[in-house]
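Raw work01.tsv, TSV, C-alpha atoms:
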chain	number	residue	atom	x	y	z
A	1	MET	CA	153.26	-28.56	-74.81
A	2	TRP	CA	155.75	-26.38	-72.94
A	3	LEU	CA	154.65	-23.17	-74.61
A	4	PRO	CA	151.84	-22.36	-72.10
A	5	PHE	CA	154.25	-22.79	-69.19
A	6	VAL	CA	156.74	-20.44	-70.81
A	7	GLY	CA	153.86	-18.00	-71.23
A	8	LEU	CA	152.95	-18.32	-67.56
A	9	VAL	CA	156.53	-17.66	-66.47
A	10	ILE	CA	156.82	-14.70	-68.85
A	11	GLY	CA	153.57	-13.28	-67.50
A	12	LEU	CA	154.71	-13.67	-63.89
A	13	LEU	CA	158.09	-12.07	-64.58
A	14	LEU	CA	156.43	-9.25	-66.49
A	15	GLY	CA	154.09	-8.62	-63.58
A	16	PHE	CA	156.88	-8.66	-61.01
A	17	TRP	CA	159.36	-6.62	-62.97
A	18	THR	CA	157.09	-3.85	-64.08
A	19	GLU	CA	156.05	-1.68	-61.17
A	20	PHE	CA	152.46	-2.10	-62.22
A	21	ARG	CA	150.07	-2.02	-59.32
A	22	ILE	CA	146.40	-1.39	-58.87
A	23	PRO	CA	144.74	0.43	-55.98
A	24	GLU	CA	143.80	-1.88	-53.14
A	25	ILE	CA	140.07	-1.31	-53.52
A	26	TYR	CA	140.20	-2.85	-56.99
A	27	SER	CA	142.15	-5.92	-55.92
A	28	ASN	CA	138.84	-7.73	-55.30
A	29	TYR	CA	137.89	-7.35	-58.94
A	30	LEU	CA	141.27	-8.56	-60.07
A	31	SER	CA	141.05	-11.66	-57.89
A	32	ILE	CA	137.66	-12.50	-59.42
A	33	ALA	CA	139.10	-11.90	-62.86
A	34	VAL	CA	142.00	-14.26	-62.07
A	35	LEU	CA	139.51	-16.88	-60.93
A	36	ALA	CA	137.48	-16.50	-64.12
A	37	ALA	CA	140.61	-16.72	-66.24
A	38	LEU	CA	141.74	-19.88	-64.45
A	39	ASP	CA	138.28	-21.39	-64.93
A	40	THR	CA	138.37	-20.69	-68.64
A	41	LEU	CA	141.90	-22.05	-68.90
A	42	PHE	CA	141.02	-25.33	-67.24
A	43	GLY	CA	137.83	-25.52	-69.33
A	44	GLY	CA	140.02	-25.10	-72.38
A	45	ILE	CA	142.42	-27.85	-71.26
A	46	ARG	CA	139.50	-30.18	-70.65
A	47	ALA	CA	138.04	-29.42	-74.08
A	48	HIS	CA	141.47	-29.97	-75.59
A	49	LEU	CA	141.76	-33.39	-73.96
A	50	GLN	CA	138.22	-34.32	-74.95
A	51	ASN	CA	138.87	-33.13	-78.51
A	52	THR	CA	136.03	-30.63	-78.41
A	53	PHE	CA	138.26	-27.55	-78.37
A	54	GLU	CA	137.13	-24.57	-80.40
A	55	GLU	CA	139.45	-21.62	-80.56
A	56	LYS	CA	136.78	-18.95	-81.01
A	57	VAL	CA	134.74	-20.26	-78.09
A	58	PHE	CA	137.83	-20.38	-75.91
A	59	VAL	CA	139.11	-16.89	-76.70
A	60	THR	CA	135.72	-15.19	-76.46
A	61	GLY	CA	134.91	-17.18	-73.31
A	62	PHE	CA	138.17	-16.10	-71.74
A	63	PHE	CA	137.62	-12.38	-72.16
A	64	SER	CA	133.87	-12.34	-71.63
A	65	ASN	CA	134.18	-14.41	-68.44
A	66	ILE	CA	136.77	-12.05	-67.02
A	67	LEU	CA	134.74	-8.97	-67.87
A	68	LEU	CA	131.50	-10.52	-66.68
A	69	ALA	CA	132.99	-11.60	-63.36
A	70	ALA	CA	134.57	-8.22	-62.68
A	71	GLY	CA	131.40	-6.45	-63.84
A	72	LEU	CA	129.26	-8.61	-61.59
A	73	ALA	CA	131.48	-7.83	-58.62
A	74	PHE	CA	131.35	-4.12	-59.47
A	75	LEU	CA	127.57	-4.21	-59.75
A	76	GLY	CA	127.35	-6.10	-56.47
A	77	VAL	CA	129.40	-3.45	-54.68
A	78	HIS	CA	127.14	-0.71	-56.00
A	79	LEU	CA	123.92	-2.57	-55.23
A	80	GLY	CA	125.07	-3.58	-51.79
A	81	VAL	CA	124.67	-7.29	-52.61
A	82	ASP	CA	127.67	-9.56	-52.47
A	83	LEU	CA	127.33	-10.63	-56.08
A	84	TYR	CA	130.99	-11.54	-56.29
A	85	LEU	CA	130.14	-14.54	-54.14
A	86	ALA	CA	128.01	-15.81	-57.03
A	87	ALA	CA	130.99	-15.50	-59.35
A	88	ILE	CA	133.31	-17.19	-56.86
A	89	PHE	CA	130.83	-20.00	-56.31
A	90	ALA	CA	130.14	-20.60	-59.99
A	91	PHE	CA	133.76	-20.43	-61.06
A	92	GLY	CA	134.95	-22.41	-58.07
A	93	VAL	CA	132.57	-25.29	-58.71
A	94	ARG	CA	133.39	-25.31	-62.39
A	95	LEU	CA	137.10	-25.16	-61.67
A	96	PHE	CA	136.91	-28.23	-59.46
A	97	ASN	CA	134.73	-30.07	-61.98
A	98	ASN	CA	137.10	-29.32	-64.80
A	99	ILE	CA	140.15	-30.34	-62.80
A	100	ALA	CA	138.41	-33.58	-61.80
A	101	VAL	CA	137.56	-34.37	-65.43
A	102	ILE	CA	141.12	-33.54	-66.54
A	103	ARG	CA	142.48	-35.82	-63.82
A	104	ARG	CA	140.25	-38.67	-64.90
A	105	ILE	CA	141.13	-38.30	-68.56
A	106	LEU	CA	144.86	-38.21	-67.79
A	107	LEU	CA	144.48	-41.18	-65.44
A	108	SER	CA	142.63	-43.27	-68.01
A	109	LYS	CA	145.21	-42.34	-70.65
A	110	TRP	CA	148.00	-43.33	-68.31
A	111	THR	CA	146.42	-46.67	-67.36
A	112	ALA	CA	145.76	-47.40	-71.03
A	113	LYS	CA	149.42	-46.72	-71.74
A	114	GLN	CA	150.45	-49.00	-68.88
A	115	ASP	CA	148.16	-51.78	-70.18
A	116	ARG	CA	149.64	-51.44	-73.64
A	117	GLN	CA	153.13	-51.70	-72.24
A	118	THR	CA	152.31	-54.83	-70.25
A	119	GLU	CA	150.70	-56.39	-73.36
A	120	ASN	CA	153.88	-55.74	-75.30
B	1	MET	CA	147.67	-27.76	-82.93
B	2	LYS	CA	150.38	-25.12	-82.87
B	3	ASP	CA	147.79	-22.35	-82.99
B	4	ARG	CA	146.05	-23.90	-80.06
B	5	MET	CA	149.23	-23.95	-77.99
B	6	LEU	CA	149.89	-20.33	-78.93
B	7	ILE	CA	146.44	-19.34	-77.71
B	8	PHE	CA	147.03	-21.24	-74.49
B	9	ALA	CA	150.38	-19.50	-74.10
B	10	ILE	CA	148.82	-16.07	-74.54
B	11	VAL	CA	146.09	-16.91	-72.05
B	12	THR	CA	148.58	-18.22	-69.48
B	13	THR	CA	150.71	-15.10	-69.99
B	14	ILE	CA	147.72	-12.92	-69.18
B	15	ILE	CA	146.87	-15.08	-66.16
B	16	GLY	CA	150.47	-14.94	-64.95
B	17	PHE	CA	150.53	-11.18	-65.29
B	18	MET	CA	147.27	-10.82	-63.41
B	19	ILE	CA	148.44	-13.13	-60.63
B	20	ALA	CA	151.71	-11.22	-60.29
B	21	VAL	CA	149.93	-7.87	-60.14
B	22	GLN	CA	147.43	-9.20	-57.62
B	23	PHE	CA	150.23	-10.67	-55.52
B	24	LYS	CA	152.14	-7.42	-55.51
B	25	THR	CA	149.06	-5.38	-54.72
B	26	THR	CA	148.03	-7.51	-51.76
B	27	ASN	CA	151.58	-7.75	-50.45
B	28	GLU	CA	152.56	-4.11	-50.69
B	29	PRO	CA	149.45	-2.03	-51.19
B	30	VAL	CA	149.79	1.43	-52.68
B	31	VAL	CA	149.89	3.87	-49.80
B	32	ARG	CA	148.54	7.17	-50.96
B	33	ASP	CA	150.23	10.34	-49.81
B	34	THR	CA	147.37	12.49	-48.55
B	35	ARG	CA	149.40	15.25	-46.93
B	36	ASP	CA	148.45	18.74	-47.98
B	37	ILE	CA	150.91	21.49	-48.76
B	38	LEU	CA	150.98	22.79	-45.20
B	39	GLN	CA	151.81	19.39	-43.77
B	40	LEU	CA	154.40	18.85	-46.47
B	41	ARG	CA	156.03	22.15	-45.63
B	42	GLN	CA	155.99	21.28	-41.96
B	43	ASP	CA	157.57	17.90	-42.61
B	44	LEU	CA	160.13	19.54	-44.85
B	45	ARG	CA	160.97	22.04	-42.15
B	46	ILE	CA	161.39	19.29	-39.56
B	47	GLU	CA	163.65	17.37	-41.89
B	48	LYS	CA	165.70	20.48	-42.63
B	49	GLU	CA	166.14	21.17	-38.94
B	50	ARG	CA	167.23	17.61	-38.48
B	51	GLN	CA	169.70	17.95	-41.30
B	52	GLN	CA	171.09	21.09	-39.75
B	53	GLU	CA	171.45	19.37	-36.39
B	54	LEU	CA	173.20	16.44	-38.01
B	55	ASN	CA	175.52	18.75	-39.92
B	56	GLN	CA	176.43	20.57	-36.74
B	57	GLU	CA	177.09	17.27	-35.03
B	58	ILE	CA	179.30	16.14	-37.91
B	59	GLU	CA	181.21	19.39	-37.83
B	60	LYS	CA	181.79	19.08	-34.10
B	61	GLN	CA	182.98	15.52	-34.37
B	62	LEU	CA	185.29	16.45	-37.24
B	63	THR	CA	186.84	19.24	-35.20
B	64	LEU	CA	187.39	16.80	-32.37
B	65	LEU	CA	188.91	14.32	-34.79
B	66	ASN	CA	191.26	16.94	-36.16
B	67	GLN	CA	192.35	17.87	-32.68
B	68	LEU	CA	192.96	14.23	-31.87
B	69	LYS	CA	194.96	13.81	-35.06
B	70	GLN	CA	197.42	16.45	-33.96
B	71	ARG	CA	199.40	14.03	-31.89
B	72	ASP	CA	201.21	16.40	-29.57
B	73	ASN	CA	197.96	17.64	-28.07
B	74	ILE	CA	195.97	14.43	-27.97
B	75	GLU	CA	195.56	14.28	-24.22
B	76	GLY	CA	194.48	17.88	-23.99
B	77	ALA	CA	191.85	17.40	-26.66
B	78	MET	CA	190.47	14.31	-24.97
B	79	LEU	CA	190.37	16.07	-21.62
B	80	ASP	CA	188.60	18.99	-23.24
B	81	ALA	CA	186.05	16.64	-24.74
B	82	ILE	CA	185.48	14.89	-21.40
B	83	ASN	CA	185.17	18.18	-19.57
B	84	ASP	CA	182.76	19.46	-22.16
B	85	LEU	CA	180.63	16.33	-21.80
B	86	LYS	CA	180.77	16.56	-18.01
B	87	GLU	CA	179.68	20.15	-18.12
B	88	ARG	CA	176.80	19.31	-20.40
B	89	ALA	CA	175.74	16.43	-18.16
B	90	GLY	CA	175.74	18.71	-15.12
B	91	LEU	CA	178.63	17.09	-13.29
B	92	THR	CA	180.51	20.35	-12.80
B	93	ALA	CA	179.63	23.45	-10.87
B	94	VAL	CA	178.59	26.27	-13.19
B	95	SER	CA	178.29	29.95	-12.60
B	96	GLY	CA	177.06	33.02	-14.39
B	97	GLU	CA	174.20	35.44	-14.33
B	98	GLY	CA	170.80	34.21	-13.34
B	99	ILE	CA	167.96	34.53	-10.89
B	100	ILE	CA	167.20	33.22	-7.43
B	101	LEU	CA	163.64	32.19	-6.70
B	102	GLU	CA	162.73	32.12	-3.07
B	103	ILE	CA	159.69	30.06	-2.12
B	104	LYS	CA	158.16	30.70	1.29
B	105	PRO	CA	154.72	30.55	2.92
B	106	MET	CA	152.53	33.44	1.87
B	107	TYR	CA	150.68	33.91	5.15
B	108	THR	CA	152.16	32.62	8.35
B	109	ASP	CA	149.69	34.03	10.81
B	110	TYR	CA	146.63	31.95	9.98
B	111	GLY	CA	145.47	28.88	8.11
B	112	PHE	CA	147.52	26.03	6.80
B	113	ILE	CA	151.24	26.73	6.81
B	114	PRO	CA	153.05	24.45	4.36
B	115	GLN	CA	156.42	23.03	5.34
B	116	THR	CA	157.51	21.80	1.94
B	117	VAL	CA	156.74	22.42	-1.72
B	118	PRO	CA	154.52	19.76	-3.29
B	119	ALA	CA	156.23	17.75	-6.02
B	120	HIS	CA	153.72	18.63	-8.72
B	121	LEU	CA	154.26	22.36	-8.14
B	122	LEU	CA	157.99	21.94	-8.30
B	123	ARG	CA	157.64	20.07	-11.58
B	124	PHE	CA	155.39	22.80	-12.91
B	125	LEU	CA	157.92	25.45	-11.92
B	126	ILE	CA	160.79	23.63	-13.59
B	127	ASN	CA	158.80	23.13	-16.76
B	128	GLU	CA	158.00	26.80	-16.83
B	129	LEU	CA	161.62	27.76	-16.22
B	130	ASN	CA	162.65	25.54	-19.09
B	131	ILE	CA	160.00	27.11	-21.32
B	132	HIS	CA	161.53	30.50	-20.57
B	133	ASN	CA	165.02	29.41	-21.61
B	134	ALA	CA	166.61	28.64	-18.29
B	135	GLN	CA	170.08	27.21	-18.78
B	136	GLU	CA	170.71	25.35	-15.56
B	137	ILE	CA	168.54	24.82	-12.49
B	138	ALA	CA	169.31	23.82	-8.93
B	139	ILE	CA	166.73	23.30	-6.20
B	140	GLY	CA	168.34	23.97	-2.86
B	141	ASN	CA	171.70	22.35	-3.43
B	142	GLN	CA	170.39	19.69	-5.75
B	143	ARG	CA	171.33	20.24	-9.35
B	144	ILE	CA	168.64	19.34	-11.89
B	145	ILE	CA	170.03	17.20	-14.70
B	146	SER	CA	168.26	15.36	-17.50
B	147	THR	CA	167.62	12.30	-15.32
B	148	SER	CA	166.65	14.15	-12.17
B	149	ALA	CA	163.46	12.94	-10.54
B	150	ILE	CA	161.12	15.02	-8.40
B	151	ARG	CA	159.11	12.63	-6.30
B	152	ASP	CA	156.78	12.66	-3.39
B	153	VAL	CA	157.97	10.12	-0.81
B	154	ASN	CA	155.94	9.84	2.39
B	155	ASN	CA	154.54	13.32	1.86
B	156	VAL	CA	158.02	14.78	1.61
B	157	THR	CA	159.25	16.06	-1.72
B	158	HIS	CA	162.50	14.49	-2.88
B	159	VAL	CA	164.76	15.78	-5.61
B	160	ASN	CA	167.50	13.47	-6.91
B	161	ALA	CA	166.35	11.04	-4.18
B	162	ARG	CA	167.29	13.59	-1.47
B	163	ARG	CA	164.69	15.39	0.54
B	164	ILE	CA	164.53	19.10	-0.12
B	165	PRO	CA	165.05	21.51	2.76
B	166	ASN	CA	162.01	22.97	4.48
B	167	LEU	CA	160.68	26.37	3.56
B	168	PRO	CA	161.97	28.86	2.69
B	169	LEU	CA	163.41	27.11	-0.31
B	170	LYS	CA	165.72	28.67	-2.83
B	171	VAL	CA	165.79	27.72	-6.49
B	172	TYR	CA	168.84	28.86	-8.41
B	173	VAL	CA	168.50	29.38	-12.13
B	174	LEU	CA	171.16	30.22	-14.66
B	175	ALA	CA	170.03	32.10	-17.75
B	176	ASN	CA	171.59	34.06	-20.57
B	177	GLU	CA	169.04	36.80	-20.21
B	178	ALA	CA	168.48	36.88	-16.46
B	179	GLU	CA	166.54	40.12	-16.51
B	180	LYS	CA	164.06	38.76	-19.03
B	181	LEU	CA	163.63	35.52	-17.12
B	182	HIS	CA	163.13	37.50	-13.93
B	183	HIS	CA	160.29	39.47	-15.49
B	184	GLU	CA	158.76	36.38	-16.96
B	185	MET	CA	158.82	34.63	-13.60
B	186	ILE	CA	157.16	37.56	-11.86
B	187	VAL	CA	154.09	37.22	-14.07
B	188	SER	CA	154.29	33.48	-14.55
B	189	GLU	CA	151.51	31.03	-13.97
B	190	SER	CA	153.59	29.31	-11.32
B	191	VAL	CA	153.04	32.26	-9.01
B	192	GLU	CA	149.29	31.71	-9.17
B	193	TYR	CA	149.53	27.96	-8.76
B	194	PHE	CA	151.86	28.36	-5.79
B	195	ALA	CA	149.52	30.89	-4.25
B	196	ILE	CA	146.74	28.29	-4.17
B	197	GLU	CA	148.94	26.24	-1.85
B	198	ASN	CA	149.72	29.31	0.25
B	199	LEU	CA	153.20	29.67	-1.19
B	200	SER	CA	154.79	32.76	-2.64
B	201	ILE	CA	157.64	33.05	-5.12
B	202	THR	CA	160.02	35.98	-5.07
B	203	SER	CA	162.40	36.37	-7.92
B	204	THR	CA	165.70	38.21	-7.61
B	205	PRO	CA	168.02	38.73	-10.56
B	206	ILE	CA	171.67	38.34	-9.74
B	207	ASN	CA	174.84	38.98	-11.69
B	208	PHE	CA	176.81	36.03	-10.51
B	209	ILE	CA	175.66	32.81	-8.94
B	210	THR	CA	177.26	29.39	-8.77
B	211	LEU	CA	175.20	26.26	-9.12
B	212	PRO	CA	176.46	23.12	-7.39
B	213	GLU	CA	177.36	20.05	-9.40
B	214	TYR	CA	175.35	16.86	-9.43
B	215	GLU	CA	177.25	14.95	-6.80
B	216	GLN	CA	175.76	11.47	-7.00
B	217	PRO	CA	177.15	8.85	-9.37
B	218	LEU	CA	175.36	9.08	-12.67
B	219	ARG	CA	173.81	5.67	-13.10
B	220	ILE	CA	171.87	4.95	-16.23
B	221	ARG	CA	170.05	1.67	-16.30
B	222	HIS	CA	167.71	0.18	-18.86
B	223	LEU	CA	169.06	2.56	-21.46
B	224	GLN	CA	171.10	1.66	-24.48
B	225	PRO	CA	172.40	3.73	-27.34
B	226	ILE	CA	170.59	2.86	-30.52
B	227	LYS	CA	171.84	3.18	-34.02
B	228	GLU	CA	169.71	5.76	-35.65
B	229	GLU	CA	168.05	4.70	-38.83
B	230	SER	CA	168.20	6.68	-42.04

Mind turning this structure into structure tokens?
Amino acid sequence: MWLPFVGLVIGLLLGFWTEFRIPEIYSNYLSIAVLAALDTLFGGIRAHLQNTFEEKVFVTGFFSNILLAAGLAFLGVHLGVDLYLAAIFAFGVRLFNNIAVIRRILLSKWTAKQDRQTEN
Amino acid sequence: MKDRMLIFAIVTTIIGFMIAVQFKTTNEPVVRDTRDILQLRQDLRIEKERQQELNQEIEKQLTLLNQLKQRDNIEGAMLDAINDLKERAGLTAVSGEGIILEIKPMYTDYGFIPQTVPAHLLRFLINELNIHNAQEIAIGNQRIISTSAIRDVNNVTHVNARRIPNLPLKVYVLANEAEKLHHEMIVSESVEYFAIENLSITSTPINFITLPEYEQPLRIRHLQPIKEES
């Protein structure tokens, strides 16, 4: 359970310690990629809680979502259409949906646990 | 189950890395150095000059320190330092070779005859004298120091908050190469500008002149020493 959090901390430390930076013009793409990654992560957590988790789907979804989002933003810049807004909208809505579902599942689990305790 | 957690861990690591990079990039964006070789050389030269100045300053201060350390002569060294500073500030009379510029009306028989030199012309003249390596300048008996102001008050030109005498006006200039300055002033732009206002400048080189000291109290307001960075 704690392994993902350790991973997050390791990733953050790695990012802060290494002097790795990207040019400012590409920071838009990276922010979209972060959004896509977060969306996939929360989708994965939801699937995990609903017992529909499939590793292959998750891993491929993670990378393809990131690439697709960044690619869409790139295409949008070159076409002069703000296509990154589409990515932000889609991922944002899905992110909120997923978080809401996760919250409900956790809440129902918690109340069930409480009920069991009161029965005992 | 364990595999699943491992995958999650890898994914969160990547996300963490991306967030950290994004955070760093937006906080301190990469500033590209777009100076070309000429600009770089220029900057280098400026920095070298600065270094040289600083070295000279250090050397001077060290000499002073050494003099102060020799206890028997401490008062003398301090007095020397004060006198040196006073001389540099223009609080002492100085003498040496230089030139005398006499400003007087060009034509007195017709037209407008000026009584005083306009402030902007005086400023122009002083700037030009400084361009041509004048050491010390005095207008009339007013010594020009670094805080001297040339102002126009009620149509009368004031230097150091004192009105300058009426024409003819004498400007005393101290220079290391008086002859050169004399020649430069003869053909200077000031002559033309003064001529527009019906004023003529005559330059006379002289072997020995004495410039008066700045006699008013030196009051510096709204100025503070700052600690220089880097």

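Separating CA of Phe96 (chain A) from CA of Asn27 (chain B) is a distance of 26.8 Å.
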
Quick check: residues of chain A within 12 Å of chain B, only C-alpha atoms, returned as a PyMOL selection string. chain A and resi 1-45+47-48+51+53-63+66

If we count only C-alpha atoms and set the cut-off at 6 Å, which residues sit around region 133-135 of chain B, ignoring sequence neighbours fewer than 3 positions away in its own chain? Please answer as a ChimeraX atom specification. /B:129-130,174-175

When you look at region 211-225 of chain B with a cut-off of 12 Å (counting all atoms listed in the file), what residues show up, excluding the ones that are within fewer than 6 positions of it in the same chain? I need them as a PDB file with C-alpha atoms, keeping the file's coordinate frame.
ATOM      1  CA  LYS B  86     180.770  16.560 -18.010  1.00  0.00           C
ATOM      2  CA  GLU B  87     179.680  20.150 -18.120  1.00  0.00           C
ATOM      3  CA  ARG B  88     176.800  19.310 -20.400  1.00  0.00           C
ATOM      4  CA  ALA B  89     175.740  16.430 -18.160  1.00  0.00           C
ATOM      5  CA  GLY B  90     175.740  18.710 -15.120  1.00  0.00           C
ATOM      6  CA  LEU B  91     178.630  17.090 -13.290  1.00  0.00           C
ATOM      7  CA  THR B  92     180.510  20.350 -12.800  1.00  0.00           C
ATOM      8  CA  ALA B  93     179.630  23.450 -10.870  1.00  0.00           C
ATOM      9  CA  VAL B  94     178.590  26.270 -13.190  1.00  0.00           C
ATOM     10  CA  SER B  95     178.290  29.950 -12.600  1.00  0.00           C
ATOM     11  CA  GLY B  96     177.060  33.020 -14.390  1.00  0.00           C
ATOM     12  CA  GLU B  97     174.200  35.440 -14.330  1.00  0.00           C
ATOM     13  CA  GLY B  98     170.800  34.210 -13.340  1.00  0.00           C
ATOM     14  CA  ILE B  99     167.960  34.530 -10.890  1.00  0.00           C
ATOM     15  CA  ILE B 100     167.200  33.220  -7.430  1.00  0.00           C
ATOM     16  CA  GLN B 135     170.080  27.210 -18.780  1.00  0.00           C
ATOM     17  CA  GLU B 136     170.710  25.350 -15.560  1.00  0.00           C
ATOM     18  CA  ILE B 137     168.540  24.820 -12.490  1.00  0.00           C
ATOM     19  CA  ALA B 138     169.310  23.820  -8.930  1.00  0.00           C
ATOM     20  CA  ILE B 139     166.730  23.300  -6.200  1.00  0.00           C
ATOM     21  CA  GLY B 140     168.340  23.970  -2.860  1.00  0.00           C
ATOM     22  CA  ASN B 141     171.700  22.350  -3.430  1.00  0.00           C
ATOM     23  CA  GLN B 142     170.390  19.690  -5.750  1.00  0.00           C
ATOM     24  CA  ARG B 143     171.330  20.240  -9.350  1.00  0.00           C
ATOM     25  CA  ILE B 144     168.640  19.340 -11.890  1.00  0.00           C
ATOM     26  CA  ILE B 145     170.030  17.200 -14.700  1.00  0.00           C
ATOM     27  CA  SER B 146     168.260  15.360 -17.500  1.00  0.00           C
ATOM     28  CA  THR B 147     167.620  12.300 -15.320  1.00  0.00           C
ATOM     29  CA  SER B 148     166.650  14.150 -12.170  1.00  0.00           C
ATOM     30  CA  VAL B 159     164.760  15.780  -5.610  1.00  0.00           C
ATOM     31  CA  ASN B 160     167.500  13.470  -6.910  1.00  0.00           C
ATOM     32  CA  ALA B 161     166.350  11.040  -4.180  1.00  0.00           C
ATOM     33  CA  ARG B 162     167.290  13.590  -1.470  1.00  0.00           C
ATOM     34  CA  LYS B 170     165.720  28.670  -2.830  1.00  0.00           C
ATOM     35  CA  VAL B 171     165.790  27.720  -6.490  1.00  0.00           C
ATOM     36  CA  TYR B 172     168.840  28.860  -8.410  1.00  0.00           C
ATOM     37  CA  VAL B 173     168.500  29.380 -12.130  1.00  0.00           C
ATOM     38  CA  LEU B 174     171.160  30.220 -14.660  1.00  0.00           C
ATOM     39  CA  ALA B 175     170.030  32.100 -17.750  1.00  0.00           C
TER      40      ALA B 175
END

Considering all atoms listed in the file, return as number ranges by chain whatever protein or nucleic-acid residues lie within 7 Å of region 179-192 of chain B, sequence-local ones (same chain, fewer than 4 positions apart) excluded. B: 99, 124-125, 132, 196, 200-201, 203-205

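With all atoms listed in the file taken into account, the protein and nucleic acid residues at most 12 Å from Ala86 (chain A) (excluding it and anything under 4 positions from it in its own chain) are Ile32, Ala36, Leu68, Ala69, Ala70, Leu72, Ala73, Leu75, Gly76, Val81, Asp82, Ala90, Phe91, Gly92 and Val93 of chain A.
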
Keeping only C-alpha atoms, write the selected residues to a file as a PDB file, keeping the file's coordinate frame.
ATOM      1  CA  ILE A  32     137.660 -12.500 -59.420  1.00  0.00           C
ATOM      2  CA  ALA A  36     137.480 -16.500 -64.120  1.00  0.00           C
ATOM      3  CA  LEU A  68     131.500 -10.520 -66.680  1.00  0.00           C
ATOM      4  CA  ALA A  69     132.990 -11.600 -63.360  1.00  0.00           C
ATOM      5  CA  ALA A  70     134.570  -8.220 -62.680  1.00  0.00           C
ATOM      6  CA  LEU A  72     129.260  -8.610 -61.590  1.00  0.00           C
ATOM      7  CA  ALA A  73     131.480  -7.830 -58.620  1.00  0.00           C
ATOM      8  CA  LEU A  75     127.570  -4.210 -59.750  1.00  0.00           C
ATOM      9  CA  GLY A  76     127.350  -6.100 -56.470  1.00  0.00           C
ATOM     10  CA  VAL A  81     124.670  -7.290 -52.610  1.00  0.00           C
ATOM     11  CA  ASP A  82     127.670  -9.560 -52.470  1.00  0.00           C
ATOM     12  CA  ALA A  90     130.140 -20.600 -59.990  1.00  0.00           C
ATOM     13  CA  PHE A  91     133.760 -20.430 -61.060  1.00  0.00           C
ATOM     14  CA  GLY A  92     134.950 -22.410 -58.070  1.00  0.00           C
ATOM     15  CA  VAL A  93     132.570 -25.290 -58.710  1.00  0.00           C
TER      16      VAL A  93
END

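Coordinates place CA of Leu106 (chain A) at a distance of 26.1 Å from CA of Asn65 (chain A).
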
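Using all atoms listed in the file, the protein and nucleic acid residues lying at most 9 Å from the point (156.1, 24.2, 10.6) are B:Ile113, B:Pro114, B:Gln115, B:Asn166, B:Leu167.
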
Just-selected residues, C-alpha atoms written as a CSV table (one decimal), in the coordinates of the input:
chain,number,residue,atom,x,y,z
B,113,ILE,CA,151.2,26.7,6.8
B,114,PRO,CA,153.0,24.4,4.4
B,115,GLN,CA,156.4,23.0,5.3
B,166,ASN,CA,162.0,23.0,4.5
B,167,LEU,CA,160.7,26.4,3.6

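With CA of Glu197 (chain B) on one side and CA of Thr116 (chain B) on the other, the separation reads 10.4 Å.
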
Is it possible to add N, CA, C and O atoms to region 5-13 of chain A and hand it back as an mmCIF file, in the frame of the given file?
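Final file, part-v5.cif:
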data_model
loop_
_atom_site.group_PDB
_atom_site.id
_atom_site.type_symbol
_atom_site.label_atom_id
_atom_site.label_comp_id
_atom_site.auth_asym_id
_atom_site.auth_seq_id
_atom_site.Cartn_x
_atom_site.Cartn_y
_atom_site.Cartn_z
ATOM 1 N N PHE A 5 153.480 -23.007 -70.423
ATOM 2 C CA PHE A 5 154.250 -22.790 -69.190
ATOM 3 C C PHE A 5 155.221 -21.637 -69.346
ATOM 4 O O PHE A 5 155.386 -20.812 -68.432
ATOM 5 N N VAL A 6 155.851 -21.586 -70.533
ATOM 6 C CA VAL A 6 156.740 -20.440 -70.810
ATOM 7 C C VAL A 6 155.949 -19.146 -70.726
ATOM 8 O O VAL A 6 156.389 -18.156 -70.130
ATOM 9 N N GLY A 7 154.724 -19.189 -71.280
ATOM 10 C CA GLY A 7 153.860 -18.000 -71.230
ATOM 11 C C GLY A 7 153.564 -17.598 -69.808
ATOM 12 O O GLY A 7 153.637 -16.417 -69.454
ATOM 13 N N LEU A 8 153.261 -18.598 -68.972
ATOM 14 C CA LEU A 8 152.950 -18.320 -67.560
ATOM 15 C C LEU A 8 154.130 -17.644 -66.870
ATOM 16 O O LEU A 8 153.981 -16.632 -66.176
ATOM 17 N N VAL A 9 155.329 -18.222 -67.107
ATOM 18 C CA VAL A 9 156.530 -17.660 -66.470
ATOM 19 C C VAL A 9 156.775 -16.243 -66.969
ATOM 20 O O VAL A 9 157.070 -15.333 -66.178
ATOM 21 N N ILE A 10 156.615 -16.041 -68.281
ATOM 22 C CA ILE A 10 156.820 -14.700 -68.850
ATOM 23 C C ILE A 10 155.847 -13.708 -68.217
ATOM 24 O O ILE A 10 156.225 -12.599 -67.806
ATOM 25 N N GLY A 11 154.583 -14.156 -68.098
ATOM 26 C CA GLY A 11 153.570 -13.280 -67.500
ATOM 27 C C GLY A 11 153.918 -12.918 -66.071
ATOM 28 O O GLY A 11 153.839 -11.749 -65.662
ATOM 29 N N LEU A 12 154.344 -13.923 -65.293
ATOM 30 C CA LEU A 12 154.710 -13.670 -63.890
ATOM 31 C C LEU A 12 155.878 -12.693 -63.800
ATOM 32 O O LEU A 12 155.856 -11.737 -63.021
ATOM 33 N N LEU A 13 156.914 -12.946 -64.620
ATOM 34 C CA LEU A 13 158.090 -12.070 -64.580
ATOM 35 C C LEU A 13 157.717 -10.647 -64.978
ATOM 36 O O LEU A 13 158.154 -9.683 -64.356
#
